[in-house]
Amino acid sequence: MSQSDQTSSPFDDVFSANAEYAANFSLNGLQPVAKRGLALVTCMDSRIEPLDMLGLGPGDAKILRNAGARVTDDTLRTLVLAVYLLGVERVLILPHTKCKMASVENDDVVHDLIEEQYGVDTRSLEFKTDNDQLGALKHDLERIRHHPLLPAGLPVTGAIYDVDTGRVEPTGL
C-alpha cells in the first residue's frame with residue numbers, strides 16, 4: 001500500500017456514506033422543479049430537518065439555508081430564479097428558537113467574539129444578526145413581498161420552528 005493510500009482525509013466519513021447512498025440511489029429522473037411549489041428559507045442550524053418537519057419529500061420544495069434564515073440579496077436572487085424557472089409559487093420563511101443569530105444584540109458582538117477567540121477580523125461581512133427575531137422576520141417578509149422582480153401577490157408567510165418540540169408555529173405576519 002502506498003503512503004497516499006494510508007493517509008486519511010477529514011472527509012472520509014461523508015464520502016464513505018455517499019458511496020452507500022449512491023449504491024441505493026432512487027432519485028434518478030427527479031425533475032428540478034418544486035413539485036409542491038414551495039420555497040423554504042430556513043437556517044443552516046443542523047437541528048433543522050426541513051423536509052421531514054414539513055411533510056415534504058425530495059423534489060417537493062426548494063430549500064434555501066443561511067445563518068439566521070435571513071432574506072439576503074442572494075436569497076432574493078435565488079427566489080427570482082426559483083419562481084420563474086423552478087416552479088416556486090409560495091415562500092415560507094422559517095427561523096427557529098435558540099438561534100445564535102437571534103441571541104445577540106448586533107453584528108458587532110459576533111465580530112468581537114470571533115476576533116477575540118480566533119484573531120480574525122470579520123468586519124467586512126454583514127451577519128444580519130437581530131435579537132428581535134419577529135421584527136427581523138417581518139422585515140424579511142416585506143423584502144420578498146415588495147421585491148420588484150417577484151410577482152405581486154406571491155404568497156409569502158413566516159413561522160418559527162421550535163428546536164425543542166419540533167413544532168412549527170405560524171406567526172401571522
# chains A, B, ... in the order shown; residues from 1 in each chain; ligands from 1
>>> residues_around(residues="Cys43 of chain A", least_positions_apart="6", cutoff="10 Å", atoms="only C-alpha atoms", output="list in words")
Pro50, Ile63, Leu64, Arg65, Asn66, Ala67, Gly68, Ala69, Arg70, Ile93, Leu94, Pro95, His96, Cys99, Met101 and Tyr161 of chain A
>>> residues_around(residues="His111 of chain A", least_positions_apart="3", cutoff="9 Å", atoms="only C-alpha atoms", output="compact mmCIF listing (two decimals) with N, CA and C atoms, in the first residue's frame")
# COMPACT_ATOMS: atom_id res chain seq x y z
N ASP A 107 -24.39 42.70 14.98
CA ASP A 107 -23.23 42.08 14.36
C ASP A 107 -21.93 42.35 15.10
N ASP A 108 -21.81 43.52 15.71
CA ASP A 108 -20.57 43.87 16.42
C ASP A 108 -20.22 42.83 17.48
N ILE A 114 -15.48 36.66 17.46
CA ILE A 114 -14.59 35.95 16.53
C ILE A 114 -13.18 36.52 16.61
N GLU A 115 -13.07 37.84 16.69
CA GLU A 115 -11.73 38.44 16.76
C GLU A 115 -11.03 38.08 18.07
N GLU A 116 -11.77 38.12 19.17
CA GLU A 116 -11.19 37.79 20.48
C GLU A 116 -10.75 36.32 20.55
N VAL A 120 -9.41 36.82 14.06
CA VAL A 120 -9.83 37.11 12.68
C VAL A 120 -10.80 38.29 12.69
N ASP A 121 -10.50 39.29 11.88
CA ASP A 121 -11.36 40.47 11.76
C ASP A 121 -12.39 40.20 10.67
N THR A 122 -13.65 40.03 11.05
CA THR A 122 -14.72 39.70 10.11
C THR A 122 -15.59 40.91 9.76
N ARG A 123 -15.15 42.10 10.09
CA ARG A 123 -16.00 43.28 9.91
C ARG A 123 -16.32 43.60 8.45
N LEU A 125 -17.83 41.54 6.67
CA LEU A 125 -19.05 40.76 6.44
C LEU A 125 -20.21 41.32 7.24
N PHE A 127 -23.45 39.93 9.07
CA PHE A 127 -24.05 38.68 9.52
C PHE A 127 -25.56 38.75 9.65
>>> select_by_dssp(residues="chain A", states="helix (DSSP H, G or I)", output="PyMOL selection string")
chain A and resi 3-6+12-23+50-53+73-85+100-102+107-118+133-145
>>> residues_around(residues="Gly29 of chain A", least_positions_apart="3", cutoff="12 Å", atoms="only C-alpha atoms", output="number ranges by chain")
A: 25-26, 32-33, 58-59
>>> closest_residue(among="A:Val71, A:Lys100, A:Tyr21, A:Asp112", to="Thr42 of chain A", atoms="only C-alpha atoms")
A:Val71
>>> select_by_dssp(residues="segment 59-162 of chain A", states="strand (DSSP E or B)", output="PyMOL selection string")
chain A and resi 61-66+90-94+96+156-161
>>> residues_around(residues="Asp164 of chain A", least_positions_apart="3", cutoff="12 Å", atoms="only C-alpha atoms", output="mmCIF file with N, CA, C and O atoms, in the first residue's frame")
data_model
loop_
_atom_site.group_PDB
_atom_site.id
_atom_site.type_symbol
_atom_site.label_atom_id
_atom_site.label_comp_id
_atom_site.auth_asym_id
_atom_site.auth_seq_id
_atom_site.Cartn_x
_atom_site.Cartn_y
_atom_site.Cartn_z
ATOM 1 N N ARG A 47 -29.954 21.269 13.592
ATOM 2 C CA ARG A 47 -31.118 20.689 14.276
ATOM 3 C C ARG A 47 -32.374 20.727 13.418
ATOM 4 O O ARG A 47 -33.404 20.184 13.800
ATOM 5 N N ILE A 48 -32.295 21.356 12.271
ATOM 6 C CA ILE A 48 -33.453 21.526 11.399
ATOM 7 C C ILE A 48 -33.403 20.485 10.278
ATOM 8 O O ILE A 48 -32.426 20.405 9.545
ATOM 9 N N HIS A 96 -35.832 29.821 13.690
ATOM 10 C CA HIS A 96 -36.078 28.854 14.760
ATOM 11 C C HIS A 96 -35.720 29.420 16.129
ATOM 12 O O HIS A 96 -35.007 30.415 16.245
ATOM 13 N N THR A 97 -36.230 28.752 17.143
ATOM 14 C CA THR A 97 -35.898 29.125 18.515
ATOM 15 C C THR A 97 -34.432 28.809 18.789
ATOM 16 O O THR A 97 -33.819 27.989 18.103
ATOM 17 N N LYS A 98 -33.875 29.471 19.778
ATOM 18 C CA LYS A 98 -32.495 29.252 20.218
ATOM 19 C C LYS A 98 -31.466 29.429 19.095
ATOM 20 O O LYS A 98 -30.453 28.739 19.037
ATOM 21 N N CYS A 99 -31.737 30.400 18.221
ATOM 22 C CA CYS A 99 -30.826 30.689 17.113
ATOM 23 C C CYS A 99 -29.732 31.635 17.576
ATOM 24 O O CYS A 99 -30.023 32.686 18.169
ATOM 25 N N ILE A 160 -42.160 30.071 13.029
ATOM 26 C CA ILE A 160 -40.984 29.804 13.866
ATOM 27 C C ILE A 160 -40.951 28.309 14.172
ATOM 28 O O ILE A 160 -41.957 27.738 14.609
ATOM 29 N N TYR A 161 -39.807 27.698 13.952
ATOM 30 C CA TYR A 161 -39.607 26.290 14.276
ATOM 31 C C TYR A 161 -39.022 26.192 15.679
ATOM 32 O O TYR A 161 -38.038 26.850 15.996
ATOM 33 N N ARG A 167 -42.225 21.616 16.656
ATOM 34 C CA ARG A 167 -43.431 22.290 16.165
ATOM 35 C C ARG A 167 -43.089 23.526 15.350
ATOM 36 O O ARG A 167 -42.160 24.252 15.670
ATOM 37 N N VAL A 168 -43.884 23.748 14.328
ATOM 38 C CA VAL A 168 -43.787 24.953 13.502
ATOM 39 C C VAL A 168 -45.017 25.795 13.812
ATOM 40 O O VAL A 168 -46.148 25.353 13.633
#
>>> residues_around(residues="Asp73 of chain A", least_positions_apart="5", cutoff="12 Å", atoms="only C-alpha atoms", output="PyMOL selection string")
chain A and resi 66+78-80+126+128+140+143-144+147
>>> closest_residue(among="A:Leu86, A:Met53, A:Ala61, A:Leu141", to="Asp162 of chain A", atoms="only C-alpha atoms")
A:Met53
>>> atom_distance(atom1="atom CA of Thr157 of chain A", atom2="atom CA of Thr171 of chain A")
7.9 Å
>>> atom_distance(atom1="atom CA of Val41 of chain A", atom2="atom CA of Leu150 of chain A")
15.4 Å
>>> closest_residue(among="A:Leu154, A:Leu51, A:Thr165, A:Asp60", to="Tyr84 of chain A", atoms="only C-alpha atoms")
A:Leu154
>>> closest_residue(among="A:Ala39, A:Ala136, A:Leu56, A:Ala34", to="Gly87 of chain A", atoms="only C-alpha atoms")
A:Ala34
